[in-house]
Amino acid sequence: MGNPYALVEWGFVVHLNPEQRVFVTERHLATLTTLRDDGSPHVVPVAFTWDDDAGVVRITTNRGSVKARNAARRGHGAVAPRASVCQVEGGRWITLEGPVEVVPDLEEIVDAVARYARRYRPLEPNPDRVVLRIAVDKVMSSAYMAG
């Protein structure tokens, strides 16, 4: 595979290859892994969307959820926590990993909800909704999608 990164003003953006892009637009759930305060993994099923232009995964959740609390926790030196989503279907799989942040911004929430509706189904209004935004910097996938 060629270079999956594109230089933009503020850094690098990961772009998926065509096979990977198709796979992350199909209607599948994935697992989200974040880290608890004690460093142990918290793994839960989630629906997510991929934004190829920005190189980010978006997951909507409640502000008080464990995954949101884990994503908001800063490490030593205020280092952003990392998270990964892994989507599996038969022998096909892809893992998207990077720093995660909790975004309470209404514009980001509206965009995430619209993307979710296109991939899965419309969501009911939820005043406690926030977006977990993973700026993907590492992609792993089954062999046929990696090349």
# chains A, B, ... in the order shown; residues from 1 in each chain; ligands from 1
>>> residues_around(residues="Tyr120 of chain A", least_positions_apart="6", cutoff="12 Å", atoms="only C-alpha atoms", output="MDAnalysis selection string")
chainID A and resid 24:29 46:49 112:114
>>> write_last_selection(atoms="C-alpha atoms", output="JSON list (two decimals), in the first residue's frame")
[["chain", "number", "residue", "atom", "x", "y", "z"],
["A", 24, "VAL", "CA", -16.21, 0.94, 7.34],
["A", 25, "THR", "CA", -19.33, 2.15, 5.52],
["A", 26, "GLU", "CA", -21.10, -1.23, 5.69],
["A", 27, "ARG", "CA", -23.56, -1.64, 8.56],
["A", 28, "HIS", "CA", -21.47, -3.38, 11.23],
["A", 29, "LEU", "CA", -20.84, -2.77, 14.90],
["A", 46, "VAL", "CA", -20.35, 0.58, 19.52],
["A", 47, "ALA", "CA", -21.62, 1.97, 16.27],
["A", 48, "PHE", "CA", -19.17, 4.41, 14.68],
["A", 49, "THR", "CA", -18.62, 6.48, 11.59],
["A", 112, "ALA", "CA", -21.94, 12.90, 14.02],
["A", 113, "VAL", "CA", -25.68, 12.19, 14.37],
["A", 114, "ALA", "CA", -26.21, 12.80, 10.63]]
>>> residues_around(residues="Asp52 of chain A", least_positions_apart="2", cutoff="7 Å", atoms="only C-alpha atoms", output="MDAnalysis selection string")
chainID A and resid 15:16 50 54:56
>>> closest_residue(among="A:Arg129, A:Arg115, A:Arg74, A:Arg69", to="Val57 of chain A", atoms="only C-alpha atoms")
A:Arg115
>>> select_by_dssp(residues="segment 30-102 of chain A", states="strand (DSSP E)", output="PyMOL selection string")
chain A and resi 30-35+41-46+49-51+56-62+82-89+92-102
>>> write_last_selection(atoms="N, CA and C atoms", output="tab-separated table (two decimals), in the first residue's frame")
chain	number	residue	atom	x	y	z
A	30	ALA	N	-18.77	-2.40	16.05
A	30	ALA	CA	-17.36	-2.59	16.34
A	30	ALA	C	-17.20	-2.63	17.85
A	31	THR	N	-15.98	-2.88	18.29
A	31	THR	CA	-15.68	-2.72	19.71
A	31	THR	C	-14.85	-1.46	19.87
A	32	LEU	N	-15.12	-0.75	20.95
A	32	LEU	CA	-14.31	0.42	21.32
A	32	LEU	C	-13.52	0.02	22.55
A	33	THR	N	-12.22	0.26	22.51
A	33	THR	CA	-11.38	0.01	23.67
A	33	THR	C	-10.82	1.33	24.17
A	34	THR	N	-11.11	1.62	25.44
A	34	THR	CA	-10.52	2.76	26.15
A	34	THR	C	-9.88	2.18	27.41
A	35	LEU	N	-9.14	3.02	28.12
A	35	LEU	CA	-8.49	2.54	29.34
A	35	LEU	C	-9.12	3.15	30.58
A	41	PRO	N	-8.24	-2.44	30.29
A	41	PRO	CA	-9.06	-2.10	29.13
A	41	PRO	C	-10.56	-2.15	29.43
A	42	HIS	N	-11.27	-1.22	28.87
A	42	HIS	CA	-12.74	-1.19	28.92
A	42	HIS	C	-13.17	-1.37	27.46
A	43	VAL	N	-13.78	-2.50	27.14
A	43	VAL	CA	-14.14	-2.84	25.77
A	43	VAL	C	-15.65	-2.97	25.68
A	44	VAL	N	-16.27	-2.20	24.77
A	44	VAL	CA	-17.72	-2.22	24.61
A	44	VAL	C	-18.08	-2.19	23.13
A	45	PRO	N	-19.24	-2.77	22.78
A	45	PRO	CA	-19.70	-2.67	21.39
A	45	PRO	C	-20.21	-1.26	21.11
A	46	VAL	N	-19.91	-0.76	19.92
A	46	VAL	CA	-20.35	0.58	19.52
A	46	VAL	C	-20.67	0.61	18.03
A	49	THR	N	-18.73	6.03	12.97
A	49	THR	CA	-18.62	6.48	11.59
A	49	THR	C	-17.18	6.90	11.32
A	50	TRP	N	-16.80	6.78	10.06
A	50	TRP	CA	-15.46	7.15	9.60
A	50	TRP	C	-15.58	8.38	8.72
A	51	ASP	N	-14.75	9.38	8.98
A	51	ASP	CA	-14.68	10.60	8.16
A	51	ASP	C	-13.32	10.58	7.46
A	56	VAL	N	-10.91	10.77	10.96
A	56	VAL	CA	-11.39	10.56	12.33
A	56	VAL	C	-12.54	9.58	12.39
A	57	VAL	N	-12.62	8.90	13.53
A	57	VAL	CA	-13.74	8.06	13.91
A	57	VAL	C	-14.60	8.90	14.85
A	58	ARG	N	-15.92	8.82	14.69
A	58	ARG	CA	-16.83	9.48	15.62
A	58	ARG	C	-17.78	8.44	16.21
A	59	ILE	N	-17.95	8.55	17.52
A	59	ILE	CA	-18.87	7.69	18.26
A	59	ILE	C	-19.72	8.61	19.12
A	60	THR	N	-21.04	8.46	19.05
A	60	THR	CA	-21.89	9.25	19.93
A	60	THR	C	-22.16	8.44	21.20
A	61	THR	N	-22.24	9.14	22.32
A	61	THR	CA	-22.48	8.48	23.60
A	61	THR	C	-23.02	9.50	24.59
A	62	ASN	N	-23.41	9.02	25.75
A	62	ASN	CA	-23.86	9.90	26.82
A	62	ASN	C	-22.66	10.50	27.53
A	82	ARG	N	-5.62	7.31	24.51
A	82	ARG	CA	-5.77	6.65	23.21
A	82	ARG	C	-6.95	5.70	23.26
A	83	ALA	N	-7.50	5.44	22.10
A	83	ALA	CA	-8.62	4.51	21.98
A	83	ALA	C	-8.51	3.81	20.64
A	84	SER	N	-9.22	2.70	20.52
A	84	SER	CA	-9.28	2.02	19.22
A	84	SER	C	-10.66	1.44	19.01
A	85	VAL	N	-11.06	1.38	17.75
A	85	VAL	CA	-12.26	0.67	17.36
A	85	VAL	C	-11.81	-0.48	16.46
A	86	CYS	N	-12.45	-1.63	16.63
A	86	CYS	CA	-12.13	-2.80	15.83
A	86	CYS	C	-13.43	-3.37	15.28
A	87	GLN	N	-13.55	-3.39	13.97
A	87	GLN	CA	-14.73	-3.93	13.29
A	87	GLN	C	-14.34	-5.27	12.67
A	88	VAL	N	-15.15	-6.29	12.94
A	88	VAL	CA	-14.88	-7.64	12.45
A	88	VAL	C	-16.12	-8.20	11.79
A	89	GLU	N	-15.92	-8.86	10.65
A	89	GLU	CA	-17.02	-9.56	9.97
A	89	GLU	C	-16.38	-10.73	9.24
A	92	ARG	N	-12.80	-10.67	7.69
A	92	ARG	CA	-12.42	-9.27	7.46
A	92	ARG	C	-12.38	-8.53	8.79
A	93	TRP	N	-11.38	-7.69	8.98
A	93	TRP	CA	-11.31	-6.87	10.18
A	93	TRP	C	-10.48	-5.62	9.92
A	94	ILE	N	-10.76	-4.60	10.70
A	94	ILE	CA	-9.97	-3.37	10.66
A	94	ILE	C	-9.96	-2.77	12.06
A	95	THR	N	-8.81	-2.27	12.46
A	95	THR	CA	-8.67	-1.57	13.73
A	95	THR	C	-8.16	-0.17	13.43
A	96	LEU	N	-8.83	0.82	13.99
A	96	LEU	CA	-8.48	2.23	13.82
A	96	LEU	C	-8.14	2.77	15.21
A	97	GLU	N	-6.96	3.32	15.36
A	97	GLU	CA	-6.45	3.70	16.68
A	97	GLU	C	-5.90	5.11	16.66
A	98	GLY	N	-6.02	5.82	17.79
A	98	GLY	CA	-5.44	7.15	17.91
A	98	GLY	C	-5.88	7.84	19.17
A	99	PRO	N	-5.42	9.08	19.36
A	99	PRO	CA	-5.84	9.85	20.52
A	99	PRO	C	-7.34	10.14	20.45
A	100	VAL	N	-7.98	10.10	21.61
A	100	VAL	CA	-9.43	10.31	21.66
A	100	VAL	C	-9.73	11.54	22.51
A	101	GLU	N	-10.78	12.25	22.14
A	101	GLU	CA	-11.25	13.38	22.92
A	101	GLU	C	-12.77	13.36	22.97
A	102	VAL	N	-13.30	13.97	24.02
A	102	VAL	CA	-14.74	14.14	24.16
A	102	VAL	C	-15.08	15.52	23.61
>>> closest_residue(among="A:Leu132, A:Pro127, A:Val139, A:Glu107", to="Val66 of chain A", atoms="only C-alpha atoms")
A:Leu132
>>> atom_distance(atom1="atom CA of Pro81 of chain A", atom2="atom CA of Gly39 of chain A")
10.7 Å
>>> atom_distance(atom1="atom CA of Ala143 of chain A", atom2="atom CA of Arg118 of chain A")
27.8 Å
>>> select_by_dssp(residues="chain A", states="helix (DSSP H, G or I)", output="compact mmCIF listing (two decimals) with C-alpha atoms, in the first residue's frame")
# COMPACT_ATOMS: atom_id res chain seq x y z
CA PRO A 18 -10.76 1.72 -1.18
CA GLU A 19 -11.33 -1.72 0.38
CA GLN A 20 -11.02 -0.33 3.90
CA ARG A 21 -13.37 2.60 3.11
CA VAL A 22 -16.05 0.24 1.80
CA PHE A 23 -15.77 -1.97 4.88
CA VAL A 66 -17.69 5.07 31.20
CA LYS A 67 -16.26 5.42 27.69
CA ALA A 68 -16.70 9.22 27.81
CA ARG A 69 -15.08 9.40 31.25
CA ASN A 70 -12.17 7.26 30.04
CA ALA A 71 -11.78 9.43 26.93
CA ALA A 72 -11.74 12.61 29.03
CA HIS A 76 0.91 12.12 32.84
CA GLY A 77 1.84 15.49 31.37
CA ALA A 78 -1.76 16.00 30.15
CA LEU A 106 -23.23 21.13 19.10
CA GLU A 107 -21.97 21.39 15.51
CA GLU A 108 -19.84 18.25 15.94
CA ILE A 109 -22.75 16.40 17.56
CA VAL A 110 -25.14 17.34 14.74
CA ASP A 111 -22.58 16.18 12.15
CA ALA A 112 -21.94 12.90 14.02
CA VAL A 113 -25.68 12.19 14.37
CA ALA A 114 -26.21 12.80 10.63
CA ARG A 115 -23.34 10.47 9.73
CA TYR A 116 -24.70 7.85 12.14
CA ALA A 117 -28.16 8.09 10.54
CA ARG A 118 -26.66 7.47 7.08
CA ARG A 119 -24.75 4.38 8.23
CA ALA A 143 -4.24 -8.86 4.77
CA TYR A 144 -6.43 -8.42 1.70
CA MET A 145 -7.43 -4.90 2.81
CA ALA A 146 -3.89 -3.86 3.77
>>> closest_residue(among="A:Phe12, A:Val79, A:Ser65, A:Gly90", to="Val136 of chain A", atoms="only C-alpha atoms")
A:Phe12
>>> atom_distance(atom1="atom CA of Val103 of chain A", atom2="atom CA of Glu124 of chain A")
18.7 Å
>>> closest_residue(among="A:Arg36, A:Arg63, A:Asp53, A:Gly91", to="Asn126 of chain A", atoms="only C-alpha atoms")
A:Arg63
>>> closest_residue(among="A:Val130, A:Met140, A:Ala135, A:Val14", to="Asp105 of chain A", atoms="only C-alpha atoms")
A:Val130
